file final_5.csv (CSV, C-alpha atoms and all ligand atoms)
chain,number,residue,atom,x,y,z
A,1,MET,CA,13.6,-5.1,10.0
A,2,GLY,CA,14.6,-8.6,11.3
A,3,SER,CA,17.8,-9.6,9.5
A,4,ASP,CA,17.0,-13.3,9.6
A,5,ARG,CA,13.4,-13.0,8.5
A,6,GLU,CA,12.3,-14.1,5.1
A,7,GLN,CA,12.2,-11.3,2.5
A,8,ALA,CA,8.9,-10.9,0.7
A,9,VAL,CA,10.2,-8.2,-1.6
A,10,VAL,CA,13.8,-7.7,-2.8
A,11,VAL,CA,14.5,-4.8,-5.1
A,12,GLN,CA,18.1,-4.6,-6.1
A,13,ARG,CA,19.6,-1.6,-7.8
A,14,ALA,CA,16.5,-1.2,-9.9
A,15,THR,CA,16.3,1.6,-12.5
A,16,ARG,CA,13.2,2.3,-14.6
A,17,ARG,CA,13.1,4.7,-17.5
A,18,PHE,CA,10.2,5.9,-19.6
A,19,GLY,CA,11.8,7.3,-22.8
A,20,SER,CA,14.1,10.2,-21.7
A,21,VAL,CA,12.5,10.2,-18.1
A,22,THR,CA,14.3,8.2,-15.5
A,23,ALA,CA,11.5,7.5,-12.9
A,24,LEU,CA,13.6,5.4,-10.5
A,25,ALA,CA,17.3,5.2,-10.2
A,26,ASP,CA,19.3,2.5,-8.5
A,27,VAL,CA,16.7,1.6,-5.9
A,28,THR,CA,17.5,-1.1,-3.4
A,29,LEU,CA,14.8,-2.1,-1.0
A,30,GLN,CA,13.9,-5.2,1.0
A,31,VAL,CA,10.6,-5.9,2.8
A,32,ALA,CA,10.5,-8.8,5.2
A,33,THR,CA,7.5,-11.1,5.4
A,34,GLY,CA,4.9,-9.5,7.7
A,35,GLU,CA,6.6,-6.1,7.6
A,36,VAL,CA,4.7,-2.8,6.8
A,37,VAL,CA,7.0,-0.5,4.9
A,38,ALA,CA,5.9,3.0,3.9
A,39,VAL,CA,7.4,4.8,0.9
A,40,VAL,CA,7.3,8.6,0.9
A,41,GLY,CA,8.6,11.0,-1.6
A,42,PRO,CA,7.6,14.0,-3.7
A,43,SER,CA,5.2,13.7,-6.6
A,44,GLY,CA,6.6,12.1,-9.7
A,45,CYS,CA,9.6,10.5,-7.9
A,46,GLY,CA,8.6,7.0,-9.0
A,47,LYS,CA,6.5,5.7,-6.1
A,48,SER,CA,3.8,4.2,-8.2
A,49,THR,CA,6.4,2.9,-10.6
A,50,LEU,CA,8.1,1.1,-7.7
A,51,LEU,CA,4.8,-0.6,-6.7
A,52,GLU,CA,4.2,-1.6,-10.3
A,53,LEU,CA,7.7,-3.2,-10.4
A,54,VAL,CA,6.9,-5.1,-7.2
A,55,CYS,CA,3.5,-6.3,-8.6
A,56,GLY,CA,5.2,-7.3,-11.9
A,57,LEU,CA,3.2,-4.8,-13.9
A,58,GLU,CA,6.5,-3.2,-14.9
A,59,SER,CA,10.0,-4.5,-15.4
A,60,PRO,CA,13.2,-2.7,-14.4
A,61,ASP,CA,15.6,-1.5,-17.1
A,62,GLU,CA,18.5,-2.3,-14.8
A,63,GLY,CA,18.7,-4.3,-11.6
A,64,THR,CA,16.3,-6.9,-10.4
A,65,VAL,CA,13.0,-7.2,-8.5
A,66,THR,CA,11.9,-10.4,-6.9
A,67,ALA,CA,8.7,-10.5,-4.8
A,68,ALA,CA,6.1,-12.9,-3.5
A,69,PRO,CA,2.8,-12.5,-5.4
A,70,ALA,CA,1.5,-9.0,-4.8
A,71,ALA,CA,-1.8,-7.3,-5.2
A,72,LEU,CA,-2.0,-3.6,-6.0
A,73,MET,CA,-4.5,-1.1,-4.7
A,74,ALA,CA,-4.0,1.5,-7.4
A,75,GLN,CA,-3.8,5.2,-6.8
A,76,ARG,CA,-7.2,5.8,-8.2
A,77,ASP,CA,-9.8,3.4,-6.8
A,78,LEU,CA,-10.7,2.0,-10.3
A,79,LEU,CA,-14.0,0.6,-9.1
A,80,LEU,CA,-16.4,-0.5,-11.8
A,81,PRO,CA,-19.1,2.2,-11.7
A,82,TRP,CA,-21.8,0.0,-13.0
A,83,ALA,CA,-21.2,-2.9,-10.6
A,84,SER,CA,-22.3,-3.1,-7.0
A,85,ALA,CA,-19.9,-2.8,-4.0
A,86,LEU,CA,-20.1,-6.6,-3.5
A,87,ASP,CA,-19.4,-7.4,-7.1
A,88,ASN,CA,-16.5,-4.9,-7.1
A,89,ALA,CA,-15.0,-6.5,-4.0
A,90,ALA,CA,-15.6,-10.0,-5.4
A,91,LEU,CA,-13.9,-9.2,-8.7
A,92,PRO,CA,-10.5,-10.9,-8.0
A,93,LEU,CA,-12.4,-14.1,-7.1
A,94,ARG,CA,-14.2,-13.9,-10.5
A,95,VAL,CA,-10.9,-13.3,-12.2
A,96,HIS,CA,-9.6,-16.5,-10.5
A,97,GLY,CA,-12.4,-18.5,-12.0
A,98,ALA,CA,-15.2,-18.4,-9.4
A,99,GLY,CA,-18.7,-18.0,-10.6
A,100,ARG,CA,-20.7,-14.9,-9.7
A,101,ARG,CA,-22.7,-16.5,-6.9
A,102,GLU,CA,-19.7,-18.2,-5.4
A,103,ALA,CA,-17.6,-15.1,-5.5
A,104,ARG,CA,-20.4,-13.0,-3.9
A,105,ALA,CA,-20.9,-15.6,-1.2
A,106,ALA,CA,-17.2,-15.5,-0.4
A,107,ALA,CA,-16.9,-11.7,-0.3
A,108,ALA,CA,-20.2,-11.0,1.6
A,109,PRO,CA,-19.0,-12.0,5.1
A,110,THR,CA,-16.2,-9.5,4.9
A,111,PHE,CA,-18.5,-6.5,4.5
A,112,ALA,CA,-19.4,-6.2,8.1
A,113,ALA,CA,-15.8,-6.2,9.2
A,114,PHE,CA,-15.1,-3.4,6.8
A,115,GLY,CA,-18.1,-1.3,8.0
A,116,LEU,CA,-19.9,-1.9,4.7
A,117,ALA,CA,-22.8,-4.0,5.9
A,118,GLY,CA,-26.0,-3.0,4.2
A,119,PHE,CA,-24.1,-1.4,1.2
A,120,GLU,CA,-23.5,-4.6,-0.7
A,121,GLY,CA,-25.9,-3.6,-3.5
A,122,SER,CA,-24.8,0.1,-3.7
A,123,ARG,CA,-23.0,1.4,-6.7
A,124,PRO,CA,-19.6,3.2,-6.1
A,125,ALA,CA,-21.3,6.6,-6.8
A,126,GLN,CA,-23.7,5.9,-3.9
A,127,LEU,CA,-20.8,5.3,-1.5
A,128,SER,CA,-18.8,7.8,0.5
A,129,GLY,CA,-15.2,8.3,-0.5
A,130,GLY,CA,-14.0,6.3,2.6
A,131,MET,CA,-16.4,3.5,1.7
A,132,ARG,CA,-15.1,3.4,-1.8
A,133,GLN,CA,-11.6,3.1,-0.5
A,134,ARG,CA,-12.6,0.3,1.8
A,135,VAL,CA,-14.3,-1.6,-1.1
A,136,ALA,CA,-11.1,-1.1,-3.1
A,137,PHE,CA,-9.0,-2.3,-0.2
A,138,LEU,CA,-11.2,-5.3,0.3
A,139,ARG,CA,-10.9,-6.1,-3.4
A,140,THR,CA,-7.1,-5.9,-3.0
A,141,LEU,CA,-7.3,-8.2,0.0
A,142,LEU,CA,-9.6,-10.7,-1.7
A,143,ALA,CA,-7.0,-11.2,-4.4
A,144,GLY,CA,-5.4,-13.4,-1.7
A,145,LYS,CA,-1.8,-12.4,-2.4
A,146,PRO,CA,0.7,-12.4,0.4
A,147,VAL,CA,1.9,-8.9,-0.4
A,148,LEU,CA,-0.3,-5.8,-0.5
A,149,CYS,CA,0.8,-2.8,-2.4
A,150,LEU,CA,-1.2,0.3,-1.4
A,151,ASP,CA,-0.8,3.4,-3.6
A,152,GLU,CA,-1.9,6.5,-1.7
A,153,PRO,CA,-5.0,4.7,-0.4
A,154,PHE,CA,-6.4,7.8,1.3
A,155,ALA,CA,-5.1,10.7,-0.7
A,156,ALA,CA,-8.5,11.6,-2.1
A,157,LEU,CA,-10.1,11.9,1.3
A,158,ASP,CA,-10.7,14.9,3.5
A,159,ALA,CA,-8.8,15.2,6.7
A,160,ILE,CA,-11.4,13.7,9.0
A,161,ALA,CA,-12.2,10.7,6.7
A,162,ARG,CA,-8.5,10.2,6.2
A,163,ALA,CA,-7.8,10.1,10.0
A,164,GLU,CA,-10.6,7.6,10.4
A,165,MET,CA,-9.3,5.4,7.6
A,166,GLN,CA,-5.8,5.6,9.0
A,167,ALA,CA,-7.1,4.3,12.3
A,168,TRP,CA,-9.1,1.7,10.6
A,169,LEU,CA,-6.2,0.5,8.5
A,170,ALA,CA,-3.9,0.5,11.5
A,171,ALA,CA,-6.4,-1.8,13.3
A,172,ALA,CA,-6.7,-4.0,10.1
A,173,LEU,CA,-3.0,-4.3,9.9
A,174,GLU,CA,-2.8,-5.3,13.5
A,175,ARG,CA,-5.1,-8.1,12.7
A,176,TRP,CA,-3.9,-9.1,9.3
A,177,ALA,CA,-0.5,-7.7,8.6
A,178,HIS,CA,1.4,-7.2,11.7
A,179,THR,CA,1.2,-10.8,13.0
A,180,ASP,CA,4.3,-12.7,13.7
A,181,PRO,CA,4.7,-15.2,10.8
A,182,ALA,CA,5.9,-17.7,13.4
A,183,THR,CA,2.6,-17.5,15.3
A,184,PRO,CA,-0.3,-18.7,13.1
A,185,THR,CA,-3.4,-16.6,13.8
A,186,ALA,CA,-7.0,-17.1,13.2
A,187,THR,CA,-7.2,-14.7,10.2
A,188,PRO,CA,-10.5,-14.9,8.5
A,189,ALA,CA,-10.1,-17.0,5.3
A,190,ALA,CA,-12.2,-14.6,3.4
A,191,ALA,CA,-9.8,-11.8,4.3
A,192,GLY,CA,-7.2,-13.5,2.2
A,193,GLY,CA,-5.5,-16.2,4.2
A,194,GLY,CA,-3.8,-17.1,7.4
A,195,SER,CA,-0.3,-15.9,7.0
A,196,ALA,CA,1.2,-12.6,7.9
A,197,ARG,CA,0.6,-9.8,5.5
A,198,THR,CA,3.4,-7.9,4.0
A,199,VAL,CA,2.5,-4.3,3.1
A,200,LEU,CA,4.2,-1.7,0.9
A,201,LEU,CA,2.3,1.6,1.5
A,202,VAL,CA,3.0,4.6,-0.7
A,203,THR,CA,2.0,7.9,0.7
A,204,HIS,CA,2.7,11.6,0.4
A,205,ASP,CA,1.9,12.0,4.0
A,206,VAL,CA,4.8,11.5,6.4
A,207,GLU,CA,2.5,11.4,9.4
A,208,GLU,CA,0.5,8.6,7.8
A,209,ALA,CA,3.7,6.7,7.1
A,210,VAL,CA,4.9,7.0,10.8
A,211,LEU,CA,1.5,6.0,12.1
A,212,LEU,CA,1.2,2.9,10.0
A,213,ALA,CA,4.6,1.5,9.2
A,214,ASP,CA,7.4,-0.5,10.8
A,215,ARG,CA,9.8,1.4,8.6
A,216,VAL,CA,9.7,4.5,6.4
A,217,VAL,CA,11.7,4.7,3.2
A,218,VAL,CA,12.2,8.2,1.9
A,219,LEU,CA,12.8,8.7,-1.9
A,220,SER,CA,14.4,11.7,-3.5
A,221,PRO,CA,12.8,13.8,-6.2
A,222,ARG,CA,12.8,12.2,-9.6
A,223,PRO,CA,14.7,10.1,-10.4
A,224,GLY,CA,13.7,8.4,-7.2
A,225,ARG,CA,16.5,7.1,-5.1
A,226,VAL,CA,16.4,5.9,-1.5
A,227,VAL,CA,17.7,8.7,0.6
A,228,ALA,CA,16.8,7.4,4.1
A,229,GLU,CA,15.3,4.4,5.9
A,230,LEU,CA,13.8,5.3,9.2
A,231,PRO,CA,12.8,2.4,11.5
A,232,VAL,CA,9.6,3.1,13.5
A,233,ASP,CA,10.0,1.3,16.7
A,234,LEU,CA,7.0,2.7,18.4
A,235,PRO,CA,4.2,0.8,20.3
A,236,ARG,CA,0.8,0.5,18.6
A,237,PRO,CA,-1.8,1.9,18.4
A,238,ARG,CA,-0.1,5.2,17.6
A,239,ALA,CA,-1.6,8.6,17.7
A,240,ALA,CA,-0.4,11.6,15.8
A,241,THR,CA,0.3,13.4,19.1
A,242,ASP,CA,2.6,10.7,20.5
A,243,PRO,CA,6.0,12.2,21.2
A,244,GLY,CA,7.7,9.4,19.3
A,245,VAL,CA,5.5,10.0,16.2
A,246,VAL,CA,6.1,13.7,16.3
A,247,VAL,CA,9.8,13.2,16.5
A,248,LEU,CA,10.0,10.7,13.6
A,249,ARG,CA,7.6,12.8,11.5
A,250,ALA,CA,9.9,15.8,11.9
A,251,ALA,CA,13.0,13.6,11.1
A,252,ALA,CA,11.4,12.3,7.9
A,253,LEU,CA,10.3,15.7,6.8
A,254,ASP,CA,13.8,17.0,7.4
A,255,VAL,CA,15.1,14.3,5.1
A,256,LEU,CA,12.5,15.1,2.4
A,257,ARG,CA,13.3,18.8,2.6
A,258,SER,CA,17.0,18.3,2.4
A,259,ALA,CA,16.9,15.9,-0.6
A,260,PRO,CA,18.0,17.7,-3.7
A,261,VAL,CA,15.1,19.4,-5.5
A,262,ALA,CA,14.9,18.4,-9.1
A,263,ALA,CA,11.3,17.9,-10.1
A,264,ALA,CA,8.4,20.2,-9.2
A,265,ARG,CA,6.0,18.8,-6.6
B,301,LIG,N1,3.7,4.3,-18.2
B,301,LIG,C1,4.5,5.4,-18.2
B,301,LIG,N2,4.9,6.0,-19.4
B,301,LIG,C2,5.6,7.1,-19.4
B,301,LIG,N3,6.0,7.8,-18.3
B,301,LIG,C3,5.7,7.2,-17.1
B,301,LIG,C4,4.9,6.1,-17.0
B,301,LIG,N4,4.7,5.8,-15.7
B,301,LIG,C5,5.3,6.7,-15.0
B,301,LIG,N5,5.9,7.6,-15.8
B,301,LIG,C6,6.7,8.8,-15.4
B,301,LIG,O1,7.6,8.3,-14.4
B,301,LIG,C7,7.7,9.3,-13.4
B,301,LIG,C8,7.3,8.7,-12.1
B,301,LIG,O2,5.9,8.4,-12.1
B,301,LIG,P1,5.2,7.8,-10.9
B,301,LIG,O3,3.8,7.7,-11.2
B,301,LIG,O4,5.9,6.5,-10.5
B,301,LIG,O5,5.4,8.9,-9.7
B,301,LIG,P2,4.8,9.0,-8.3
B,301,LIG,O6,5.9,9.1,-7.3
B,301,LIG,O7,3.9,7.9,-8.1
B,301,LIG,O8,4.0,10.4,-8.4
B,301,LIG,P3,2.7,10.8,-7.6
B,301,LIG,O9,3.1,11.1,-6.2
B,301,LIG,O10,2.3,12.1,-8.3
B,301,LIG,O11,1.7,9.7,-7.7
B,301,LIG,C9,6.9,10.5,-13.9
B,301,LIG,O12,7.7,11.4,-14.5
B,301,LIG,C10,5.9,9.9,-14.8
B,301,LIG,O13,5.5,10.8,-15.8
B,302,MG,MG,1.8,7.8,-7.8
call {"tool": "encode", "arguments": {"input": "final_5.csv", "output": "structure tokens"}}
result
Amino acid sequence: MGSDREQAVVVQRATRRFGSVTALADVTLQVATGEVVAVVGPSGCGKSTLLELVCGLESPDEGTVTAAPAALMAQRDLLLPWASALDNAALPLRVHGAGRREARAAAAPTFAAFGLAGFEGSRPAQLSGGMRQRVAFLRTLLAGKPVLCLDEPFAALDAIARAEMQAWLAAALERWAHTDPATPTATPAAAGGGSARTVLLVTHDVEEAVLLADRVVVLSPRPGRVVAELPVDLPRPRAATDPGVVVLRAAALDVLRSAPVAAAR
């Protein structure tokens, strides 16, 4: 957690209601610069709402949310079906005013690093689920924001593709997110900058959380409240079969199961 580290995200006693539904209740959460924090919790407990608060797409009804600029990889990949993979990835550069040619030129070199070389001209429907997720992730990265909010990035994938993508993201985080902010690294400029990446990862999958994160935050059923924060002090790369991963996964599941059941999963 690093008590003296700069905080990229500070959520203080945030409550968000939608009409009579309280999605999040009194949530306090800090994410240090360069930290990878996973948020787990049952369906409908306000995880997506939390990311929307952090990205500034929603405002809390009570409490405060302060965060460095954050890019959201939404729960559904939201790729434009009529645009090529390259144009989809380059979209944030266009939004920031780059011309089409310039945006494509900036995005193209990243395709090989993401296992997408040769698929620049493919439409989303012509890509596998994992490739679509990588295009969506790349697009989020190319937004160039210091904080990445990833909402269930692999939920739609089958078990094998999911395991592959988890390993791939773990390696990408090693390169781009888990760097010590005090040690400047040669991060490819096209991958969004040279500073440490801060990541807030929402997932249903406790194992995924333990494999990828520095800390796992467990939310209760709706209204989502923080019921536990589990530091993951395990060496990387991590495997699902590592004893430490198995123990923490069980601990997080215990907390999830013992949280009061209000909403249906
Ligand atoms: N824009 C909205 N308008 C009305 N209700 C909303 C809105 N966004 C979220 N909600 C409600 O807030 C609650 C939390 O929703 P949210 O999408 O944040 O949950 P979640 O934890 O991401 O769920 P899941 O795991 O299924 O993705 C739900 O009851 C949902 O219906
Ligand atoms: Mg959600």
call {"tool": "residues_near_ligand", "arguments": {"input": "final_5.csv", "ligand": "ligand MG 302 (chain B)", "cutoff": "7 Å", "atoms": "only C-alpha atoms and all ligand atoms", "output": "ChimeraX atom specification"}}
result
/A:43-44,46-48,75,151
call {"tool": "residues_near_ligand", "arguments": {"input": "final_5.csv", "ligand": "ligand LIG 301 (chain B)", "cutoff": "9 Å", "atoms": "all atoms listed in the file", "output": "mmCIF file with C-alpha atoms, in the frame of the given file"}}
result
data_model
loop_
_atom_site.group_PDB
_atom_site.id
_atom_site.type_symbol
_atom_site.label_atom_id
_atom_site.label_comp_id
_atom_site.auth_asym_id
_atom_site.auth_seq_id
_atom_site.Cartn_x
_atom_site.Cartn_y
_atom_site.Cartn_z
ATOM 1 C CA ARG A 16 13.200 2.300 -14.600
ATOM 2 C CA ARG A 17 13.100 4.700 -17.500
ATOM 3 C CA PHE A 18 10.200 5.900 -19.600
ATOM 4 C CA GLY A 19 11.800 7.300 -22.800
ATOM 5 C CA VAL A 21 12.500 10.200 -18.100
ATOM 6 C CA THR A 22 14.300 8.200 -15.500
ATOM 7 C CA ALA A 23 11.500 7.500 -12.900
ATOM 8 C CA LEU A 24 13.600 5.400 -10.500
ATOM 9 C CA VAL A 40 7.300 8.600 0.900
ATOM 10 C CA GLY A 41 8.600 11.000 -1.600
ATOM 11 C CA PRO A 42 7.600 14.000 -3.700
ATOM 12 C CA SER A 43 5.200 13.700 -6.600
ATOM 13 C CA GLY A 44 6.600 12.100 -9.700
ATOM 14 C CA CYS A 45 9.600 10.500 -7.900
ATOM 15 C CA GLY A 46 8.600 7.000 -9.000
ATOM 16 C CA LYS A 47 6.500 5.700 -6.100
ATOM 17 C CA SER A 48 3.800 4.200 -8.200
ATOM 18 C CA THR A 49 6.400 2.900 -10.600
ATOM 19 C CA LEU A 50 8.100 1.100 -7.700
ATOM 20 C CA LEU A 51 4.800 -0.600 -6.700
ATOM 21 C CA GLU A 52 4.200 -1.600 -10.300
ATOM 22 C CA GLU A 58 6.500 -3.200 -14.900
ATOM 23 C CA GLN A 75 -3.800 5.200 -6.800
ATOM 24 C CA ASP A 151 -0.800 3.400 -3.600
ATOM 25 C CA GLU A 152 -1.900 6.500 -1.700
ATOM 26 C CA VAL A 202 3.000 4.600 -0.700
ATOM 27 C CA THR A 203 2.000 7.900 0.700
ATOM 28 C CA HIS A 204 2.700 11.600 0.400
ATOM 29 C CA LEU A 219 12.800 8.700 -1.900
ATOM 30 C CA PRO A 221 12.800 13.800 -6.200
ATOM 31 C CA ARG A 222 12.800 12.200 -9.600
ATOM 32 C CA PRO A 223 14.700 10.100 -10.400
ATOM 33 C CA GLY A 224 13.700 8.400 -7.200
ATOM 34 C CA ALA A 263 11.300 17.900 -10.100
ATOM 35 C CA ARG A 265 6.000 18.800 -6.600
#
call {"tool": "atom_distance", "arguments": {"input": "final_5.csv", "atom1": "CA of Thr66 (chain A)", "atom2": "CA of Arg13 (chain A)"}}
result
11.7 Å
call {"tool": "atom_distance", "arguments": {"input": "final_5.csv", "atom1": "CA of Ala67 (chain A)", "atom2": "CA of Ala8 (chain A)"}}
result
5.5 Å
call {"tool": "closest_residue", "arguments": {"input": "final_5.csv", "among": "A:Ala83, A:Gln30, A:Ala74, A:Asp205", "to": "Ala159 (chain A)", "atoms": "all atoms listed in the file"}}
result
A:Asp205
call {"tool": "residues_around", "arguments": {"input": "final_5.csv", "residues": "Asn88 (chain A)", "least_positions_apart": "6", "cutoff": "7 Å", "atoms": "all atoms listed in the file", "output": "PyMOL selection string"}}
result
chain A and resi 79-80+139
call {"tool": "closest_residue", "arguments": {"input": "final_5.csv", "among": "A:Leu142, A:Val95, A:Gly130, A:Ala125", "to": "Pro109 (chain A)", "atoms": "only C-alpha atoms"}}
result
A:Leu142
call {"tool": "closest_residue", "arguments": {"input": "final_5.csv", "among": "A:Arg249, A:Arg236, A:Arg104, A:Arg197", "to": "Val218 (chain A)", "atoms": "all atoms listed in the file"}}
result
A:Arg249
call {"tool": "residues_around", "arguments": {"input": "final_5.csv", "residues": "Pro237 (chain A)", "least_positions_apart": "3", "cutoff": "10 Å", "atoms": "all atoms listed in the file", "output": "list in words"}}
result
Ala167, Ala170, Ala171, Glu174, Leu211, Leu212 and Leu234 of chain A
call {"tool": "atom_distance", "arguments": {"input": "final_5.csv", "atom1": "CA of Val11 (chain A)", "atom2": "CA of Leu200 (chain A)"}}
result
12.3 Å
call {"tool": "closest_residue", "arguments": {"input": "final_5.csv", "among": "A:Arg123, A:Ala161, A:Cys149, A:Met131", "to": "Pro81 (chain A)", "atoms": "only C-alpha atoms"}}
result
A:Arg123
call {"tool": "residues_around", "arguments": {"input": "final_5.csv", "residues": "Pro124 (chain A)", "least_positions_apart": "4", "cutoff": "12 Å", "atoms": "all atoms listed in the file", "output": "PyMOL selection string"}}
result
chain A and resi 77-89+116+119-120+128-136
call {"tool": "closest_residue", "arguments": {"input": "final_5.csv", "among": "A:Ser220, A:Thr198, A:Thr241, A:Gln7", "to": "Ala38 (chain A)", "atoms": "only C-alpha atoms"}}
result
A:Thr198
call {"tool": "residues_around", "arguments": {"input": "final_5.csv", "residues": "Thr64 (chain A)", "least_positions_apart": "4", "cutoff": "10 Å", "atoms": "only C-alpha atoms", "output": "MDAnalysis selection string"}}
result
chainID A and resid 10:15 27:28 53 59:60
call {"tool": "closest_residue", "arguments": {"input": "final_5.csv", "among": "A:Glu207, A:Lys145, A:Ser20, A:Thr33", "to": "Glu6 (chain A)", "atoms": "all atoms listed in the file"}}
result
A:Thr33
call {"tool": "residues_around", "arguments": {"input": "final_5.csv", "residues": "Arg215 (chain A)", "least_positions_apart": "2", "cutoff": "9 Å", "atoms": "all atoms listed in the file", "output": "list in words"}}
result
Met1, Glu35, Val36, Val37, Ala38, Val39, Ala209, Val210, Leu212, Ala213, Val217, Glu229, Leu230, Pro231, Val232 and Asp233 of chain A
call {"tool": "build_atoms", "arguments": {"input": "final_5.csv", "residues": "region 197-216 of chain A", "atoms": "N, CA and C atoms", "output": "PDB file, keeping the file's coordinate frame"}}
result
ATOM      1  N   ARG A 197       0.649 -10.659   6.654  1.00  0.00           N
ATOM      2  CA  ARG A 197       0.600  -9.800   5.500  1.00  0.00           C
ATOM      3  C   ARG A 197       1.789  -8.908   5.417  1.00  0.00           C
ATOM      4  N   THR A 198       2.322  -8.809   4.241  1.00  0.00           N
ATOM      5  CA  THR A 198       3.400  -7.900   4.000  1.00  0.00           C
ATOM      6  C   THR A 198       2.808  -6.689   3.255  1.00  0.00           C
ATOM      7  N   VAL A 199       3.113  -5.486   3.697  1.00  0.00           N
ATOM      8  CA  VAL A 199       2.500  -4.300   3.100  1.00  0.00           C
ATOM      9  C   VAL A 199       3.531  -3.304   2.667  1.00  0.00           C
ATOM     10  N   LEU A 200       3.370  -2.828   1.435  1.00  0.00           N
ATOM     11  CA  LEU A 200       4.200  -1.700   0.900  1.00  0.00           C
ATOM     12  C   LEU A 200       3.182  -0.593   0.671  1.00  0.00           C
ATOM     13  N   LEU A 201       3.299   0.467   1.473  1.00  0.00           N
ATOM     14  CA  LEU A 201       2.300   1.600   1.500  1.00  0.00           C
ATOM     15  C   LEU A 201       2.994   2.824   0.918  1.00  0.00           C
ATOM     16  N   VAL A 202       2.483   3.316  -0.195  1.00  0.00           N
ATOM     17  CA  VAL A 202       3.000   4.600  -0.700  1.00  0.00           C
ATOM     18  C   VAL A 202       2.115   5.713  -0.255  1.00  0.00           C
ATOM     19  N   THR A 203       2.745   6.772   0.214  1.00  0.00           N
ATOM     20  CA  THR A 203       2.000   7.900   0.700  1.00  0.00           C
ATOM     21  C   THR A 203       2.788   9.200   0.525  1.00  0.00           C
ATOM     22  N   HIS A 204       2.072  10.329   0.326  1.00  0.00           N
ATOM     23  CA  HIS A 204       2.700  11.600   0.400  1.00  0.00           C
ATOM     24  C   HIS A 204       2.857  12.102   1.823  1.00  0.00           C
ATOM     25  N   ASP A 205       2.104  11.451   2.690  1.00  0.00           N
ATOM     26  CA  ASP A 205       1.900  12.000   4.000  1.00  0.00           C
ATOM     27  C   ASP A 205       2.783  11.291   5.024  1.00  0.00           C
ATOM     28  N   VAL A 206       3.777  12.042   5.464  1.00  0.00           N
ATOM     29  CA  VAL A 206       4.800  11.500   6.400  1.00  0.00           C
ATOM     30  C   VAL A 206       4.181  11.032   7.675  1.00  0.00           C
ATOM     31  N   GLU A 207       3.193  11.784   8.162  1.00  0.00           N
ATOM     32  CA  GLU A 207       2.500  11.400   9.400  1.00  0.00           C
ATOM     33  C   GLU A 207       1.848  10.030   9.252  1.00  0.00           C
ATOM     34  N   GLU A 208       1.152   9.864   8.129  1.00  0.00           N
ATOM     35  CA  GLU A 208       0.500   8.600   7.800  1.00  0.00           C
ATOM     36  C   GLU A 208       1.514   7.450   7.831  1.00  0.00           C
ATOM     37  N   ALA A 209       2.661   7.719   7.221  1.00  0.00           N
ATOM     38  CA  ALA A 209       3.700   6.700   7.100  1.00  0.00           C
ATOM     39  C   ALA A 209       4.166   6.290   8.541  1.00  0.00           C
ATOM     40  N   VAL A 210       4.391   7.272   9.410  1.00  0.00           N
ATOM     41  CA  VAL A 210       4.900   7.000  10.800  1.00  0.00           C
ATOM     42  C   VAL A 210       3.801   6.282  11.599  1.00  0.00           C
ATOM     43  N   LEU A 211       2.550   6.657  11.366  1.00  0.00           N
ATOM     44  CA  LEU A 211       1.500   6.000  12.100  1.00  0.00           C
ATOM     45  C   LEU A 211       1.297   4.565  11.775  1.00  0.00           C
ATOM     46  N   LEU A 212       1.538   4.232  10.516  1.00  0.00           N
ATOM     47  CA  LEU A 212       1.200   2.900  10.000  1.00  0.00           C
ATOM     48  C   LEU A 212       2.327   1.922   9.880  1.00  0.00           C
ATOM     49  N   ALA A 213       3.529   2.425   9.647  1.00  0.00           N
ATOM     50  CA  ALA A 213       4.600   1.500   9.200  1.00  0.00           C
ATOM     51  C   ALA A 213       5.564   1.078  10.241  1.00  0.00           C
ATOM     52  N   ASP A 214       6.256  -0.014   9.948  1.00  0.00           N
ATOM     53  CA  ASP A 214       7.400  -0.500  10.800  1.00  0.00           C
ATOM     54  C   ASP A 214       8.653   0.268  10.352  1.00  0.00           C
ATOM     55  N   ARG A 215       8.640   0.776   9.118  1.00  0.00           N
ATOM     56  CA  ARG A 215       9.800   1.400   8.600  1.00  0.00           C
ATOM     57  C   ARG A 215       9.380   2.395   7.496  1.00  0.00           C
ATOM     58  N   VAL A 216      10.021   3.548   7.444  1.00  0.00           N
ATOM     59  CA  VAL A 216       9.700   4.500   6.400  1.00  0.00           C
ATOM     60  C   VAL A 216      10.876   4.709   5.489  1.00  0.00           C
TER      61      VAL A 216
END
